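K.L.:
Input file: coords_20.pdb. Contents: PDB, C-alpha atoms.
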ATOM      1  CA  MET A   1      38.031   3.857 -20.197  1.00  0.00           C
ATOM      2  CA  LEU A   2      38.202   0.086 -20.702  1.00  0.00           C
ATOM      3  CA  ARG A   3      36.714  -0.482 -17.244  1.00  0.00           C
ATOM      4  CA  ILE A   4      33.770   1.841 -18.048  1.00  0.00           C
ATOM      5  CA  LEU A   5      33.199   0.032 -21.348  1.00  0.00           C
ATOM      6  CA  LEU A   6      33.216  -3.347 -19.619  1.00  0.00           C
ATOM      7  CA  CYS A   7      30.684  -2.059 -17.061  1.00  0.00           C
ATOM      8  CA  VAL A   8      28.409  -0.843 -19.861  1.00  0.00           C
ATOM      9  CA  ILE A   9      28.652  -4.229 -21.617  1.00  0.00           C
ATOM     10  CA  VAL A  10      27.825  -6.055 -18.378  1.00  0.00           C
ATOM     11  CA  LEU A  11      24.799  -3.816 -17.771  1.00  0.00           C
ATOM     12  CA  LEU A  12      23.563  -4.359 -21.329  1.00  0.00           C
ATOM     13  CA  CYS A  13      23.898  -8.131 -20.924  1.00  0.00           C
ATOM     14  CA  VAL A  14      21.924  -8.001 -17.674  1.00  0.00           C
ATOM     15  CA  TYR A  15      19.186  -5.919 -19.363  1.00  0.00           C
ATOM     16  CA  VAL A  16      19.006  -8.305 -22.340  1.00  0.00           C
ATOM     17  CA  ASN A  17      18.704 -11.300 -20.009  1.00  0.00           C
ATOM     18  CA  ILE A  18      15.941  -9.627 -17.981  1.00  0.00           C
ATOM     19  CA  TYR A  19      14.080  -8.663 -21.166  1.00  0.00           C
ATOM     20  CA  ALA A  20      14.437 -12.203 -22.578  1.00  0.00           C
ATOM     21  CA  ASN A  21      13.211 -13.765 -19.343  1.00  0.00           C
ATOM     22  CA  GLU A  22      10.220 -11.421 -19.178  1.00  0.00           C
ATOM     23  CA  SER A  23       9.355 -12.108 -22.802  1.00  0.00           C
ATOM     24  CA  LEU A  24       9.570 -15.874 -22.247  1.00  0.00           C
ATOM     25  CA  GLU A  25       7.448 -15.680 -19.095  1.00  0.00           C
ATOM     26  CA  ILE A  26       4.746 -13.638 -20.837  1.00  0.00           C
ATOM     27  CA  GLN A  27       4.743 -15.968 -23.844  1.00  0.00           C
ATOM     28  CA  LYS A  28       4.188 -18.908 -21.483  1.00  0.00           C
ATOM     29  CA  ILE A  29       1.267 -17.035 -19.933  1.00  0.00           C
ATOM     30  CA  PHE A  30      -0.212 -16.281 -23.367  1.00  0.00           C
ATOM     31  CA  ASN A  31       0.254 -19.900 -24.456  1.00  0.00           C
ATOM     32  CA  ASN A  32      -1.975 -20.929 -21.569  1.00  0.00           C
ATOM     33  CA  VAL A  33      -4.426 -18.045 -22.010  1.00  0.00           C
ATOM     34  CA  SER A  34      -4.784 -18.826 -25.740  1.00  0.00           C
ATOM     35  CA  ARG A  35      -6.884 -21.880 -24.954  1.00  0.00           C
ATOM     36  CA  TYR A  36      -9.511 -19.693 -23.316  1.00  0.00           C
ATOM     37  CA  ILE A  37      -9.724 -16.827 -25.827  1.00  0.00           C
ATOM     38  CA  GLN A  38     -13.100 -16.548 -27.525  1.00  0.00           C
ATOM     39  CA  PRO A  39     -12.945 -14.596 -30.808  1.00  0.00           C
ATOM     40  CA  ASN A  40     -15.242 -11.597 -31.226  1.00  0.00           C
ATOM     41  CA  LYS A  41     -16.012 -11.334 -27.516  1.00  0.00           C
ATOM     42  CA  LYS A  42     -17.222  -7.777 -26.885  1.00  0.00           C
ATOM     43  CA  LEU A  43     -14.935  -6.050 -24.432  1.00  0.00           C
ATOM     44  CA  ASP A  44     -14.129  -2.366 -23.981  1.00  0.00           C
ATOM     45  CA  ILE A  45     -10.808  -0.952 -25.032  1.00  0.00           C
ATOM     46  CA  LEU A  46      -8.447  -0.655 -22.130  1.00  0.00           C
ATOM     47  CA  GLU A  47      -7.299   2.919 -22.471  1.00  0.00           C
ATOM     48  CA  ARG A  48     -10.483   4.008 -20.749  1.00  0.00           C
ATOM     49  CA  LYS A  49      -9.500   2.414 -17.425  1.00  0.00           C
ATOM     50  CA  SER A  50     -10.906   4.634 -14.694  1.00  0.00           C
ATOM     51  CA  ASN A  51     -10.137   5.101 -11.037  1.00  0.00           C
ATOM     52  CA  LYS A  52     -13.299   3.258 -10.058  1.00  0.00           C
ATOM     53  CA  PHE A  53     -13.581  -0.382  -9.150  1.00  0.00           C
ATOM     54  CA  ASN A  54     -16.321  -2.781 -10.180  1.00  0.00           C
ATOM     55  CA  VAL A  55     -15.117  -5.641  -8.050  1.00  0.00           C
ATOM     56  CA  LYS A  56     -17.752  -7.973  -6.713  1.00  0.00           C
ATOM     57  CA  ILE A  57     -17.271  -8.451  -2.995  1.00  0.00           C
ATOM     58  CA  THR A  58     -18.150 -11.922  -1.737  1.00  0.00           C
ATOM     59  CA  LYS A  59     -18.363 -13.011   1.877  1.00  0.00           C
ATOM     60  CA  THR A  60     -15.648 -15.308   3.205  1.00  0.00           C
ATOM     61  CA  HIS A  61     -14.100 -15.989   6.584  1.00  0.00           C
ATOM     62  CA  PHE A  62     -11.396 -13.624   7.925  1.00  0.00           C
ATOM     63  CA  ASN A  63     -13.941 -10.870   7.218  1.00  0.00           C
ATOM     64  CA  VAL A  64     -12.555 -10.206   3.735  1.00  0.00           C
ATOM     65  CA  THR A  65     -15.690  -8.218   2.862  1.00  0.00           C
ATOM     66  CA  PHE A  66     -14.970  -5.698   5.607  1.00  0.00           C
ATOM     67  CA  ILE A  67     -11.289  -5.319   4.667  1.00  0.00           C
ATOM     68  CA  LEU A  68     -12.084  -4.919   0.955  1.00  0.00           C
ATOM     69  CA  LYS A  69     -14.577  -2.198   1.852  1.00  0.00           C
ATOM     70  CA  LYS A  70     -11.950  -0.422   3.947  1.00  0.00           C
ATOM     71  CA  ALA A  71      -9.530  -0.635   1.013  1.00  0.00           C
ATOM     72  CA  LYS A  72     -12.108   0.835  -1.394  1.00  0.00           C
ATOM     73  CA  ASP A  73     -13.016   3.592   1.069  1.00  0.00           C
ATOM     74  CA  SER A  74      -9.333   4.470   1.559  1.00  0.00           C
ATOM     75  CA  PHE A  75      -8.843   4.602  -2.200  1.00  0.00           C
ATOM     76  CA  LYS A  76     -11.850   6.889  -2.670  1.00  0.00           C
ATOM     77  CA  LEU A  77     -10.375   9.216  -0.043  1.00  0.00           C
ATOM     78  CA  GLY A  78      -7.123   9.314  -2.011  1.00  0.00           C
ATOM     79  CA  ASP A  79      -5.105   7.268   0.482  1.00  0.00           C
ATOM     80  CA  ASN A  80      -3.659   4.701  -1.893  1.00  0.00           C
ATOM     81  CA  GLU A  81      -0.994   3.538   0.545  1.00  0.00           C
ATOM     82  CA  LYS A  82      -3.571   2.627   3.177  1.00  0.00           C
ATOM     83  CA  ALA A  83      -5.660   0.866   0.510  1.00  0.00           C
ATOM     84  CA  ILE A  84      -2.599  -1.156  -0.528  1.00  0.00           C
ATOM     85  CA  ALA A  85      -1.926  -2.087   3.107  1.00  0.00           C
ATOM     86  CA  PHE A  86      -5.487  -3.396   3.537  1.00  0.00           C
ATOM     87  CA  LEU A  87      -5.281  -5.400   0.316  1.00  0.00           C
ATOM     88  CA  LYS A  88      -1.925  -6.891   1.274  1.00  0.00           C
ATOM     89  CA  GLU A  89      -3.501  -7.950   4.544  1.00  0.00           C
ATOM     90  CA  ILE A  90      -5.893 -10.072   2.489  1.00  0.00           C
ATOM     91  CA  THR A  91      -3.335 -11.411   0.011  1.00  0.00           C
ATOM     92  CA  THR A  92      -0.983 -12.411   2.832  1.00  0.00           C
ATOM     93  CA  LYS A  93      -3.658 -14.791   4.070  1.00  0.00           C
ATOM     94  CA  PHE A  94      -5.125 -15.602   0.632  1.00  0.00           C
ATOM     95  CA  PRO A  95      -2.330 -15.226  -1.975  1.00  0.00           C
ATOM     96  CA  TYR A  96      -4.664 -15.776  -4.954  1.00  0.00           C
ATOM     97  CA  HIS A  97      -7.702 -13.802  -3.828  1.00  0.00           C
ATOM     98  CA  LYS A  98      -8.887 -12.507  -7.201  1.00  0.00           C
ATOM     99  CA  ASN A  99     -10.741  -9.374  -6.090  1.00  0.00           C
ATOM    100  CA  ALA A 100      -7.971  -8.181  -3.785  1.00  0.00           C
ATOM    101  CA  LEU A 101      -5.264  -8.801  -6.399  1.00  0.00           C
ATOM    102  CA  MET A 102      -7.223  -7.052  -9.159  1.00  0.00           C
ATOM    103  CA  MET A 103      -7.807  -4.049  -6.931  1.00  0.00           C
ATOM    104  CA  LEU A 104      -4.137  -4.035  -5.925  1.00  0.00           C
ATOM    105  CA  SER A 105      -3.056  -4.175  -9.573  1.00  0.00           C
ATOM    106  CA  ASN A 106      -5.378  -1.274 -10.418  1.00  0.00           C
ATOM    107  CA  ILE A 107      -3.933   0.867  -7.654  1.00  0.00           C
ATOM    108  CA  TYR A 108      -0.353   0.152  -8.744  1.00  0.00           C
ATOM    109  CA  TYR A 109      -1.398   1.053 -12.295  1.00  0.00           C
ATOM    110  CA  ILE A 110      -2.879   4.351 -11.118  1.00  0.00           C
ATOM    111  CA  ASN A 111       0.320   4.995  -9.112  1.00  0.00           C
ATOM    112  CA  GLN A 112       2.254   4.377 -12.360  1.00  0.00           C
ATOM    113  CA  ASP A 113       4.069   1.458 -10.757  1.00  0.00           C
ATOM    114  CA  TYR A 114       3.623  -0.624 -13.893  1.00  0.00           C
ATOM    115  CA  LYS A 115       6.179  -3.268 -12.899  1.00  0.00           C
ATOM    116  CA  GLN A 116       4.245  -4.197  -9.757  1.00  0.00           C
ATOM    117  CA  ALA A 117       0.940  -4.062 -11.642  1.00  0.00           C
ATOM    118  CA  LYS A 118       2.375  -6.355 -14.343  1.00  0.00           C
ATOM    119  CA  GLU A 119       3.651  -8.899 -11.840  1.00  0.00           C
ATOM    120  CA  ILE A 120       0.284  -9.096 -10.108  1.00  0.00           C
ATOM    121  CA  CYS A 121      -1.489  -9.568 -13.451  1.00  0.00           C
ATOM    122  CA  ILE A 122       0.896 -12.387 -14.361  1.00  0.00           C
ATOM    123  CA  LYS A 123       0.109 -14.036 -11.051  1.00  0.00           C
ATOM    124  CA  LEU A 124      -3.611 -13.654 -11.726  1.00  0.00           C
ATOM    125  CA  LEU A 125      -3.380 -15.024 -15.278  1.00  0.00           C
ATOM    126  CA  LYS A 126      -1.511 -18.081 -14.056  1.00  0.00           C
ATOM    127  CA  GLN A 127      -4.346 -18.792 -11.654  1.00  0.00           C
ATOM    128  CA  TYR A 128      -7.279 -17.533 -13.764  1.00  0.00           C
ATOM    129  CA  PRO A 129      -6.221 -17.875 -17.446  1.00  0.00           C
ATOM    130  CA  GLY A 130      -9.795 -17.687 -18.712  1.00  0.00           C
ATOM    131  CA  ASP A 131     -10.639 -14.338 -17.128  1.00  0.00           C
ATOM    132  CA  THR A 132     -10.936 -11.816 -19.987  1.00  0.00           C
ATOM    133  CA  ILE A 133     -11.022  -8.781 -17.657  1.00  0.00           C
ATOM    134  CA  ILE A 134      -7.634  -9.721 -16.208  1.00  0.00           C
ATOM    135  CA  LEU A 135      -6.287 -10.265 -19.729  1.00  0.00           C
ATOM    136  CA  GLU A 136      -7.535  -6.845 -20.826  1.00  0.00           C
ATOM    137  CA  ASN A 137      -5.935  -5.224 -17.808  1.00  0.00           C
ATOM    138  CA  PHE A 138      -2.703  -7.014 -18.633  1.00  0.00           C
ATOM    139  CA  PHE A 139      -2.708  -5.610 -22.170  1.00  0.00           C
ATOM    140  CA  THR A 140      -3.111  -2.098 -20.764  1.00  0.00           C
ATOM    141  CA  ILE A 141      -0.355  -2.493 -18.184  1.00  0.00           C
ATOM    142  CA  LEU A 142       2.032  -4.077 -20.663  1.00  0.00           C
ATOM    143  CA  LEU A 143       1.607  -1.121 -23.050  1.00  0.00           C
ATOM    144  CA  LYS A 144       2.639   1.247 -20.260  1.00  0.00           C
ATOM    145  CA  TYR A 145       5.373  -0.969 -18.835  1.00  0.00           C
ATOM    146  CA  ASN A 146       7.422  -1.686 -21.968  1.00  0.00           C
ATOM    147  CA  HIS A 147       6.324  -0.894 -25.542  1.00  0.00           C
ATOM    148  CA  ASN A 148       8.827  -3.219 -27.195  1.00  0.00           C
ATOM    149  CA  LEU A 149       7.945  -6.102 -24.927  1.00  0.00           C
ATOM    150  CA  ALA A 150       4.236  -5.431 -25.468  1.00  0.00           C
ATOM    151  CA  LEU A 151       4.633  -5.362 -29.247  1.00  0.00           C
ATOM    152  CA  GLU A 152       6.677  -8.553 -29.344  1.00  0.00           C
ATOM    153  CA  THR A 153       4.405 -10.592 -27.114  1.00  0.00           C
ATOM    154  CA  MET A 154       1.109  -9.227 -28.453  1.00  0.00           C
ATOM    155  CA  LEU A 155       2.118  -9.857 -32.065  1.00  0.00           C
ATOM    156  CA  GLU A 156       3.004 -13.415 -31.101  1.00  0.00           C
ATOM    157  CA  LEU A 157      -0.454 -13.837 -29.584  1.00  0.00           C
ATOM    158  CA  TYR A 158      -1.977 -12.209 -32.675  1.00  0.00           C
ATOM    159  CA  SER A 159      -0.301 -14.841 -34.880  1.00  0.00           C
ATOM    160  CA  ARG A 160      -2.582 -17.382 -33.189  1.00  0.00           C
ATOM    161  CA  HIS A 161      -5.680 -15.247 -32.601  1.00  0.00           C
ATOM    162  CA  LYS A 162      -6.400 -12.843 -35.448  1.00  0.00           C
ATOM    163  CA  ASN A 163     -10.080 -12.465 -34.552  1.00  0.00           C
ATOM    164  CA  TYR A 164      -9.815 -11.211 -30.983  1.00  0.00           C
ATOM    165  CA  ALA A 165     -11.043  -7.610 -30.950  1.00  0.00           C
ATOM    166  CA  PRO A 166      -9.466  -6.426 -27.649  1.00  0.00           C
ATOM    167  CA  LEU A 167      -6.044  -7.611 -28.784  1.00  0.00           C
ATOM    168  CA  LEU A 168      -6.420  -5.889 -32.166  1.00  0.00           C
ATOM    169  CA  ALA A 169      -7.566  -2.642 -30.542  1.00  0.00           C
ATOM    170  CA  ASN A 170      -4.630  -2.602 -28.161  1.00  0.00           C
ATOM    171  CA  LEU A 171      -2.201  -3.307 -30.972  1.00  0.00           C
ATOM    172  CA  GLY A 172      -3.753  -0.314 -32.718  1.00  0.00           C
ATOM    173  CA  LEU A 173      -3.123   1.849 -29.653  1.00  0.00           C
ATOM    174  CA  LEU A 174       0.422   0.594 -29.405  1.00  0.00           C
ATOM    175  CA  TYR A 175       1.128   1.649 -32.994  1.00  0.00           C
ATOM    176  CA  VAL A 176      -0.476   5.052 -32.333  1.00  0.00           C
ATOM    177  CA  LYS A 177       1.962   5.577 -29.477  1.00  0.00           C
ATOM    178  CA  ASN A 178       4.814   4.479 -31.723  1.00  0.00           C
ATOM    179  CA  GLY A 179       3.745   7.052 -34.324  1.00  0.00           C
ATOM    180  CA  ASP A 180       2.802   4.406 -36.909  1.00  0.00           C
ATOM    181  CA  LEU A 181      -0.704   5.545 -37.828  1.00  0.00           C
ATOM    182  CA  VAL A 182      -0.948   3.320 -40.903  1.00  0.00           C
ATOM    183  CA  ASN A 183      -0.571   0.096 -38.909  1.00  0.00           C
ATOM    184  CA  ALA A 184      -2.680   1.607 -36.125  1.00  0.00           C
ATOM    185  CA  LYS A 185      -5.531   2.140 -38.602  1.00  0.00           C
ATOM    186  CA  GLU A 186      -5.376  -1.429 -39.885  1.00  0.00           C
ATOM    187  CA  TYR A 187      -5.568  -3.012 -36.437  1.00  0.00           C
ATOM    188  CA  MET A 188      -8.215  -0.631 -35.112  1.00  0.00           C
ATOM    189  CA  LEU A 189     -10.300  -1.075 -38.261  1.00  0.00           C
ATOM    190  CA  ALA A 190     -10.122  -4.841 -37.784  1.00  0.00           C
ATOM    191  CA  ALA A 191     -11.269  -4.435 -34.163  1.00  0.00           C
ATOM    192  CA  VAL A 192     -14.197  -2.231 -35.254  1.00  0.00           C
ATOM    193  CA  SER A 193     -15.200  -4.735 -37.940  1.00  0.00           C
ATOM    194  CA  MET A 194     -15.586  -7.360 -35.194  1.00  0.00           C
ATOM    195  CA  ASP A 195     -17.299  -5.138 -32.652  1.00  0.00           C
ATOM    196  CA  TYR A 196     -18.975  -2.308 -34.564  1.00  0.00           C
ATOM    197  CA  GLU A 197     -20.980  -1.101 -31.568  1.00  0.00           C
ATOM    198  CA  ASN A 198     -17.994  -0.577 -29.279  1.00  0.00           C
ATOM    199  CA  PRO A 199     -17.753   3.223 -28.748  1.00  0.00           C
ATOM    200  CA  PHE A 200     -14.114   3.167 -27.718  1.00  0.00           C
ATOM    201  CA  TYR A 201     -13.009   1.303 -30.814  1.00  0.00           C
ATOM    202  CA  LEU A 202     -15.069   3.690 -32.965  1.00  0.00           C
ATOM    203  CA  TYR A 203     -13.618   6.751 -31.268  1.00  0.00           C
ATOM    204  CA  ASN A 204     -10.015   5.593 -31.609  1.00  0.00           C
ATOM    205  CA  LEU A 205     -10.510   4.652 -35.259  1.00  0.00           C
ATOM    206  CA  ALA A 206     -12.111   8.041 -36.017  1.00  0.00           C
ATOM    207  CA  VAL A 207      -9.214   9.872 -34.356  1.00  0.00           C
ATOM    208  CA  ILE A 208      -6.638   7.791 -36.240  1.00  0.00           C
ATOM    209  CA  LEU A 209      -8.366   8.512 -39.564  1.00  0.00           C
ATOM    210  CA  ASP A 210      -8.565  12.181 -38.622  1.00  0.00           C
ATOM    211  CA  LYS A 211      -4.821  12.260 -37.926  1.00  0.00           C
ATOM    212  CA  LEU A 212      -4.227  10.599 -41.303  1.00  0.00           C
ATOM    213  CA  HIS A 213      -6.279  13.434 -42.915  1.00  0.00           C
ATOM    214  CA  ASP A 214      -8.868  10.917 -44.129  1.00  0.00           C
ATOM    215  CA  LEU A 215     -11.585  13.330 -43.060  1.00  0.00           C
ATOM    216  CA  GLU A 216     -14.422  11.757 -45.035  1.00  0.00           C
ATOM    217  CA  ASN A 217     -14.064   8.379 -43.328  1.00  0.00           C
ATOM    218  CA  ALA A 218     -13.286   9.983 -39.969  1.00  0.00           C
ATOM    219  CA  ALA A 219     -16.621  11.824 -40.199  1.00  0.00           C
ATOM    220  CA  VAL A 220     -18.430   8.534 -40.865  1.00  0.00           C
ATOM    221  CA  PHE A 221     -17.157   7.034 -37.621  1.00  0.00           C
ATOM    222  CA  TYR A 222     -17.657  10.245 -35.627  1.00  0.00           C
ATOM    223  CA  GLU A 223     -21.307  10.227 -36.762  1.00  0.00           C
ATOM    224  CA  LYS A 224     -21.672   6.562 -35.926  1.00  0.00           C
ATOM    225  CA  LEU A 225     -20.315   7.344 -32.483  1.00  0.00           C
ATOM    226  CA  LEU A 226     -22.767  10.200 -31.906  1.00  0.00           C
ATOM    227  CA  ASN A 227     -25.709   8.023 -32.956  1.00  0.00           C
ATOM    228  CA  GLN A 228     -25.019   5.724 -30.024  1.00  0.00           C
ATOM    229  CA  GLU A 229     -26.542   6.366 -26.641  1.00  0.00           C
ATOM    230  CA  VAL A 230     -23.481   5.908 -24.497  1.00  0.00           C
ATOM    231  CA  THR A 231     -23.903   7.583 -21.136  1.00  0.00           C
ATOM    232  CA  ASP A 232     -20.305   7.179 -19.972  1.00  0.00           C
ATOM    233  CA  PHE A 233     -18.678   8.538 -23.129  1.00  0.00           C
ATOM    234  CA  ASN A 234     -17.431  11.895 -21.840  1.00  0.00           C
ATOM    235  CA  GLN A 235     -15.968  13.169 -25.104  1.00  0.00           C
ATOM    236  CA  ARG A 236     -19.276  13.688 -26.884  1.00  0.00           C
ATOM    237  CA  GLN A 237     -18.961  17.467 -27.063  1.00  0.00           C
ATOM    238  CA  GLN A 238     -15.454  17.308 -28.512  1.00  0.00           C
ATOM    239  CA  VAL A 239     -16.639  14.787 -31.097  1.00  0.00           C
ATOM    240  CA  GLU A 240     -19.579  17.014 -32.078  1.00  0.00           C
ATOM    241  CA  ALA A 241     -17.278  20.030 -32.433  1.00  0.00           C
ATOM    242  CA  ARG A 242     -14.756  18.112 -34.517  1.00  0.00           C
ATOM    243  CA  LEU A 243     -17.450  16.672 -36.763  1.00  0.00           C
ATOM    244  CA  GLN A 244     -18.892  20.134 -37.341  1.00  0.00           C
ATOM    245  CA  SER A 245     -15.434  21.434 -38.226  1.00  0.00           C
ATOM    246  CA  ILE A 246     -14.938  18.641 -40.768  1.00  0.00           C
ATOM    247  CA  LYS A 247     -18.343  19.309 -42.360  1.00  0.00           C
ATOM    248  CA  LEU A 248     -17.557  23.016 -42.711  1.00  0.00           C
ATOM    249  CA  ARG A 249     -14.589  22.099 -44.858  1.00  0.00           C
TER     250      ARG A 249
END
Once you've parsed the file, please lay out its structure as structure tokens.
P.N.:
Amino acid sequence: MLRILLCVIVLLCVYVNIYANESLEIQKIFNNVSRYIQPNKKLDILERKSNKFNVKITKTHFNVTFILKKAKDSFKLGDNEKAIAFLKEITTKFPYHKNALMMLSNIYYINQDYKQAKEICIKLLKQYPGDTIILENFFTILLKYNHNLALETMLELYSRHKNYAPLLANLGLLYVKNGDLVNAKEYMLAAVSMDYENPFYLYNLAVILDKLHDLENAAVFYEKLLNQEVTDFNQRQQVEARLQSIKLR
């Protein structure tokens, strides 16, 4: 019994050390990234990450263009492993090739290998700390990888940047997943106040208010959402149905 207890204590100590090291590493990354954050920059909320890539392919030697295309084609055909192999072929020769690493991180995210996706994003942020797309992706991955770690590190970043809409929106999502709708509303409302035309912020805020039974204000944001001409917002019909239901009450 004592031996089992000692093993459990050892495992807990190892976990705590790993968690502490990860937290410290991410804080160092955010300390560097903080210098590049521009408040109120309009960026989409990360929960809408799709399985499509918008990676600009540039010509270099080693025929990177051709290999990137093969990776994208393999991904579209559903062969993620082959896509990963092509991308690793590039990153073996060019360890910090941004497009290949971003695509690789996306595929790991889709495969739900959040640890690998996180590590690639950390590598990218060390090399490209001013890239807001990479930072957004990192927020998304961190939420999936470890909620507690995400909350701790994102709140620390928030203490220095209270006017950064993507960070506020993702904190809102984090609190939704933790079941804390009151805090979720406050952060998402702050994000909307900075970027009132962002359909994903509006949608999430409306849903949060709806869940809090604040139907009057939820209807306001549902209507605002429907007044926008957003071609890629695929939940329009559900929003219309929900708004109609609220009005009938």
K.L.:
Take the PyMOL selection byres ((chain A and resi 171) around 10), run it mentally on this structure, and tell me the resulting residues as a PDB file with C-alpha atoms, in the frame of the given file.
P.N.:
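The result, stored in result02.pdb:
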ATOM      1  CA  PHE A 139      -2.708  -5.610 -22.170  1.00  0.00           C
ATOM      2  CA  LEU A 143       1.607  -1.121 -23.050  1.00  0.00           C
ATOM      3  CA  ALA A 150       4.236  -5.431 -25.468  1.00  0.00           C
ATOM      4  CA  LEU A 151       4.633  -5.362 -29.247  1.00  0.00           C
ATOM      5  CA  MET A 154       1.109  -9.227 -28.453  1.00  0.00           C
ATOM      6  CA  LEU A 155       2.118  -9.857 -32.065  1.00  0.00           C
ATOM      7  CA  TYR A 158      -1.977 -12.209 -32.675  1.00  0.00           C
ATOM      8  CA  ALA A 165     -11.043  -7.610 -30.950  1.00  0.00           C
ATOM      9  CA  PRO A 166      -9.466  -6.426 -27.649  1.00  0.00           C
ATOM     10  CA  LEU A 167      -6.044  -7.611 -28.784  1.00  0.00           C
ATOM     11  CA  LEU A 168      -6.420  -5.889 -32.166  1.00  0.00           C
ATOM     12  CA  ALA A 169      -7.566  -2.642 -30.542  1.00  0.00           C
ATOM     13  CA  ASN A 170      -4.630  -2.602 -28.161  1.00  0.00           C
ATOM     14  CA  GLY A 172      -3.753  -0.314 -32.718  1.00  0.00           C
ATOM     15  CA  LEU A 173      -3.123   1.849 -29.653  1.00  0.00           C
ATOM     16  CA  LEU A 174       0.422   0.594 -29.405  1.00  0.00           C
ATOM     17  CA  TYR A 175       1.128   1.649 -32.994  1.00  0.00           C
ATOM     18  CA  VAL A 176      -0.476   5.052 -32.333  1.00  0.00           C
ATOM     19  CA  LYS A 177       1.962   5.577 -29.477  1.00  0.00           C
ATOM     20  CA  ASN A 183      -0.571   0.096 -38.909  1.00  0.00           C
ATOM     21  CA  ALA A 184      -2.680   1.607 -36.125  1.00  0.00           C
ATOM     22  CA  LYS A 185      -5.531   2.140 -38.602  1.00  0.00           C
ATOM     23  CA  GLU A 186      -5.376  -1.429 -39.885  1.00  0.00           C
ATOM     24  CA  TYR A 187      -5.568  -3.012 -36.437  1.00  0.00           C
ATOM     25  CA  MET A 188      -8.215  -0.631 -35.112  1.00  0.00           C
ATOM     26  CA  ALA A 191     -11.269  -4.435 -34.163  1.00  0.00           C
TER      27      ALA A 191
END
K.L.:
Ranking A:Ser34, A:Thr140, A:Asn99, A:Thr92 by minimum distance to A:Ala71 and counting all atoms listed in the file, which one comes first?
P.N.:
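Counting all atoms listed in the file, the residue closest to A:Ala71 is A:Asn99.
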K.L.:
Atom CA of A:Ile133 and atom CA of A:Asn227 are how many Å apart?
P.N.:
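So the two atoms, atom CA of A:Ile133 and atom CA of A:Asn227, lie 27.1 Å apart.
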K.L.:
Closest to A:Ile67 among A:Arg35, A:Arg160, A:Lys115, A:Lys82, using only C-alpha atoms?
P.N.:
A:Lys82
K.L.:
So which one's closest to A:Asp214, A:Leu181, A:Leu68, A:Thr91, A:Pro199? Using all atoms listed in the file, please.
P.N.:
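Selected residue with least distance to A:Asp214: A:Leu181.
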